[in-house]
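The next block holds one structure in the form of C-alpha cells; read it before the comments.
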Amino acid sequence: MPPRTRAPKKSANRTVSPGEATESGALRRAVQHLWPELEWIENRDLGEKVTSTWVRAFELSPLTPDDLNRIPFTLLVPNCPATFMEHKRCVVHIARRSAEAMREFLGRGLKIDIDTVIAGAILADVGKLLEYEVVDGKARQSPRGEFLRHPFTGVALAMECGVPEAVCHIIAAHAAEGDLVKRTTEAIIVHHADFMSYLPFRK
Ligand SMILES: [Fe+2]
C-alpha cells in the first residue's frame with residue numbers, strides 16, 4: 001500500500017469539517033479498541049494525551065489500526081511470529097505488574113509513578129507508525145524510518161500532544177538509544193519489560 005499523504009495539521013483557528021470530525025472520532029474509537037490498557041491510566045488528562053498521540057500517529061501513518069494486529073512487532077527477527085499489538089500489550093502488562101511489585105516491596109525507598117509507567121509503555125513504540133510502511137502485505141522500514149527511528153518520532157508525536165516530559169523520557173530511552181542517558185526508575189521498568197519480551201525472539 002503506498003504511503004498516505006500527510007493529513008493537514010489541525011490548528012485551533014481552523015474550522016474542522018464534519019467529515020474530519022467523524023474520521024478523528026473513528027480513529028479515537030479504533031485506538032481505544034486497540035488499547036484497553038488506556039483505562040488503567042488514572043490521570044484522565046494524561047490518558048487523553050496518550051490517546052491523542054496515537055490518533056495523531058495514525059493520521060500521519062501509512063498504517064491502519066488493523067495493520068497492527070497483522071504486522072510483526074520488529075523487523076529485526078526474520079518471520080517474527082508475534083504481532084505488533086501482541087508484543088506491545090505484553091510489554092504494558094509486564095511493566096505495570098513490575099511497577100506494582102516494586103512499589104509494594106521497595107516503595108519505602110523508591111518512588112514509582114504507575115501512571116507514568118503505563119503511559120510510557122503504551123507510547124514507547126507509537127513512533128513505529130512513522131517508521132514502518134506496508135508494501136505488498138509486508139511491513140518494512142520506510143524512507144523516513146531510515147532517518148528517524150521510532151524513539152525520535154515517538155517523542156515528536158507525544159510532545160505535539162502535550163505528553164509530560166517524564167513520559168516522553170520513557171519513549172526516548174526505551175530502546176538502545178537510551179543506553180546513552182540516565183534512565184528514570186519508570187524508564188528502567190519499561191526498558192526491561194520491552195527487552196524481556198523481545199530478546200527471546202532473537203535466539
Ligand atoms: Fe521500540
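Note on naming: chains are A, B, ... as they come in the C-alpha cells, residues start from 1 per chain, ligands start from 1 in the order shown.
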Which residues are near A:Leu130? Cut-off 10 Å, only C-alpha atoms, ignore same chain within fewer than 5 positions. Put them as number ranges by chain.
A: 57-58, 60-63, 125, 141-145, 148-150, 153-154, 157
Give me the residues within 12 Å of A:Leu199 as a ChimeraX atom specification, counting only C-alpha atoms and dropping any in the same chain fewer than 6 places off.
/A:74,76-77,80,87,191-193
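For the residues A:Ala99, A:Ile171, A:Leu38, A:Leu106, ranking by smallest atom-to-atom distance to A:Gly127 using only C-alpha atoms places A:Ile171 first.
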Give one line per residue of chain A that approaches ligand 1 to at most 8 Å, naming the two atoms of the closest pair and their distance in Å to one decimal, counting only C-alpha atoms and all ligand atoms; sort by chain then ascending residue number and deliver it as a Markdown table.
```
| residue | atom | partner | partner_atom_place_in_ligand_line | distance |
| --- | --- | --- | --- | --- |
| A:Ala124 | CA | ligand 1 | 1 (Fe) | 5.9 |
| A:Asp125 | CA | ligand 1 | 1 (Fe) | 4.7 |
| A:Lys128 | CA | ligand 1 | 1 (Fe) | 7.6 |
| A:His150 | CA | ligand 1 | 1 (Fe) | 6.6 |
| A:Pro151 | CA | ligand 1 | 1 (Fe) | 6.7 |
| A:His174 | CA | ligand 1 | 1 (Fe) | 6.5 |
| A:Ala175 | CA | ligand 1 | 1 (Fe) | 5.6 |
| A:Asp194 | CA | ligand 1 | 1 (Fe) | 7.4 |
```
Using only C-alpha atoms, please write the residues we just selected to a file, as a compact mmCIF listing (two decimals), in the first residue's frame.
```
# COMPACT_ATOMS: atom_id res chain seq x y z
CA ALA A 124 7.07 3.52 23.63
CA ASP A 125 6.57 2.29 20.06
CA LYS A 128 6.83 2.94 14.61
CA HIS A 150 10.75 5.38 16.43
CA PRO A 151 12.13 6.73 19.75
CA HIS A 174 13.19 2.65 26.00
CA ALA A 175 15.47 1.25 23.25
CA ASP A 194 10.35 -4.28 26.35
```
Separation of atom CA of A:Trp40 from atom CA of A:Lys88 in Å:
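Interatomic distance here is 15.1 Å.
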As a PyMOL selection string, list the residues of stretch 13-154 of chain A assigned to helix (DSSP H, G or I) by DSSP on the backbone atoms of this structure.
chain A and resi 18-34+36-40+44-60+66-69+84-106+114-123+128-131+143-147+150-154
Which of these, A:Lys111, A:Lys203, A:Arg103, A:Lys49, has the shortest distance to A:Thr184 once you count only C-alpha atoms?
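Closest candidate: A:Lys111.
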Selection: 10 Å around A:Leu34, only C-alpha atoms, excl. self and same-chain fewer than 6 positions, as a PyMOL selection string:
chain A and resi 28+65-66+68-69+85+89
Would you mind exporting the chosen residues as a PDB file, in the first residue's frame, restricted to N, CA and C atoms?
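Now in out.pdb:
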```pdb
ATOM      1  N   ARG A  28     -10.178   7.596  17.074  1.00  0.00           N
ATOM      2  CA  ARG A  28     -10.129   7.560  18.543  1.00  0.00           C
ATOM      3  C   ARG A  28     -10.739   6.255  19.057  1.00  0.00           C
ATOM      4  N   PRO A  65      -5.137   0.870  11.879  1.00  0.00           N
ATOM      5  CA  PRO A  65      -5.220   0.116  13.144  1.00  0.00           C
ATOM      6  C   PRO A  65      -5.223  -1.393  12.912  1.00  0.00           C
ATOM      7  N   ASP A  66      -5.898  -1.867  11.870  1.00  0.00           N
ATOM      8  CA  ASP A  66      -5.926  -3.312  11.600  1.00  0.00           C
ATOM      9  C   ASP A  66      -4.526  -3.855  11.294  1.00  0.00           C
ATOM     10  N   LEU A  68      -1.854  -3.271  12.699  1.00  0.00           N
ATOM     11  CA  LEU A  68      -1.084  -3.556  13.918  1.00  0.00           C
ATOM     12  C   LEU A  68      -1.398  -4.928  14.499  1.00  0.00           C
ATOM     13  N   ASN A  69      -2.516  -5.516  14.080  1.00  0.00           N
ATOM     14  CA  ASN A  69      -2.820  -6.882  14.506  1.00  0.00           C
ATOM     15  C   ASN A  69      -2.288  -7.916  13.511  1.00  0.00           C
ATOM     16  N   MET A  85       0.707  -5.656  18.124  1.00  0.00           N
ATOM     17  CA  MET A  85      -0.143  -5.454  19.304  1.00  0.00           C
ATOM     18  C   MET A  85       0.087  -6.523  20.366  1.00  0.00           C
ATOM     19  N   ARG A  89       1.180  -4.917  23.911  1.00  0.00           N
ATOM     20  CA  ARG A  89       0.291  -5.078  25.068  1.00  0.00           C
ATOM     21  C   ARG A  89       0.990  -5.903  26.156  1.00  0.00           C
TER      22      ARG A  89
END
```
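Each of A:Gly120, A:Gly137, A:Gly178, A:Pro200 was compared to A:Val163 using only C-alpha atoms, and A:Gly120 turns out to be the nearest.
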Contacts of stretch 42-44 of chain A within 12 Å, only C-alpha atoms, excl. fewer than 4 positions in-chain, as a list in words:
Glu37, Leu38, Glu48, Lys49, Val50, Thr51, Asp113, Ile114, Asp115, Thr116, Val117, Ile118, Ala119 and Pro164 of chain A
Of the listed residues A:Pro72, A:Leu123, A:Pro36, A:Leu27, that which approaches A:Cys161 most closely, counting only C-alpha atoms
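Comparing A:Pro72, A:Leu123, A:Pro36, A:Leu27 against A:Cys161, the winner is A:Leu123.
Residue nearest A:Tyr132, chosen from A:Leu75, A:Ile170, A:Val190, A:Ile41 and counting only C-alpha atoms: A:Leu75.
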Using DSSP secondary structure from the backbone, list all strand (DSSP E) positions within chain A, as a ChimeraX atom specification.
/A:132-135,138-141
Save out the residues we just selected, N, CA and C atoms, as a compact mmCIF listing (two decimals), in the first residue's frame.
```txt
# COMPACT_ATOMS: atom_id res chain seq x y z
N TYR A 132 7.49 2.55 9.94
CA TYR A 132 7.17 1.41 9.09
C TYR A 132 6.21 1.81 7.97
N GLU A 133 6.20 0.99 6.94
CA GLU A 133 5.16 1.05 5.91
C GLU A 133 4.87 -0.39 5.50
N VAL A 134 3.72 -0.61 4.87
CA VAL A 134 3.36 -1.95 4.41
C VAL A 134 3.34 -1.93 2.88
N VAL A 135 4.15 -2.79 2.27
CA VAL A 135 4.22 -2.88 0.82
C VAL A 135 4.00 -4.34 0.43
N LYS A 138 3.63 -6.72 3.27
CA LYS A 138 4.74 -6.93 4.21
C LYS A 138 5.22 -5.61 4.79
N ALA A 139 5.50 -5.64 6.09
CA ALA A 139 6.00 -4.42 6.74
C ALA A 139 7.48 -4.25 6.41
N ARG A 140 7.87 -3.00 6.23
CA ARG A 140 9.29 -2.69 6.04
C ARG A 140 9.54 -1.29 6.56
N GLN A 141 10.82 -0.97 6.72
CA GLN A 141 11.16 0.37 7.20
C GLN A 141 10.94 1.37 6.06
```
From the list A:Phe152, A:Phe147, A:Phe201, A:Trp35, which residue is nearest A:Val92 when using only C-alpha atoms?
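Residue with the minimum atom-to-atom distance to A:Val92: A:Trp35.
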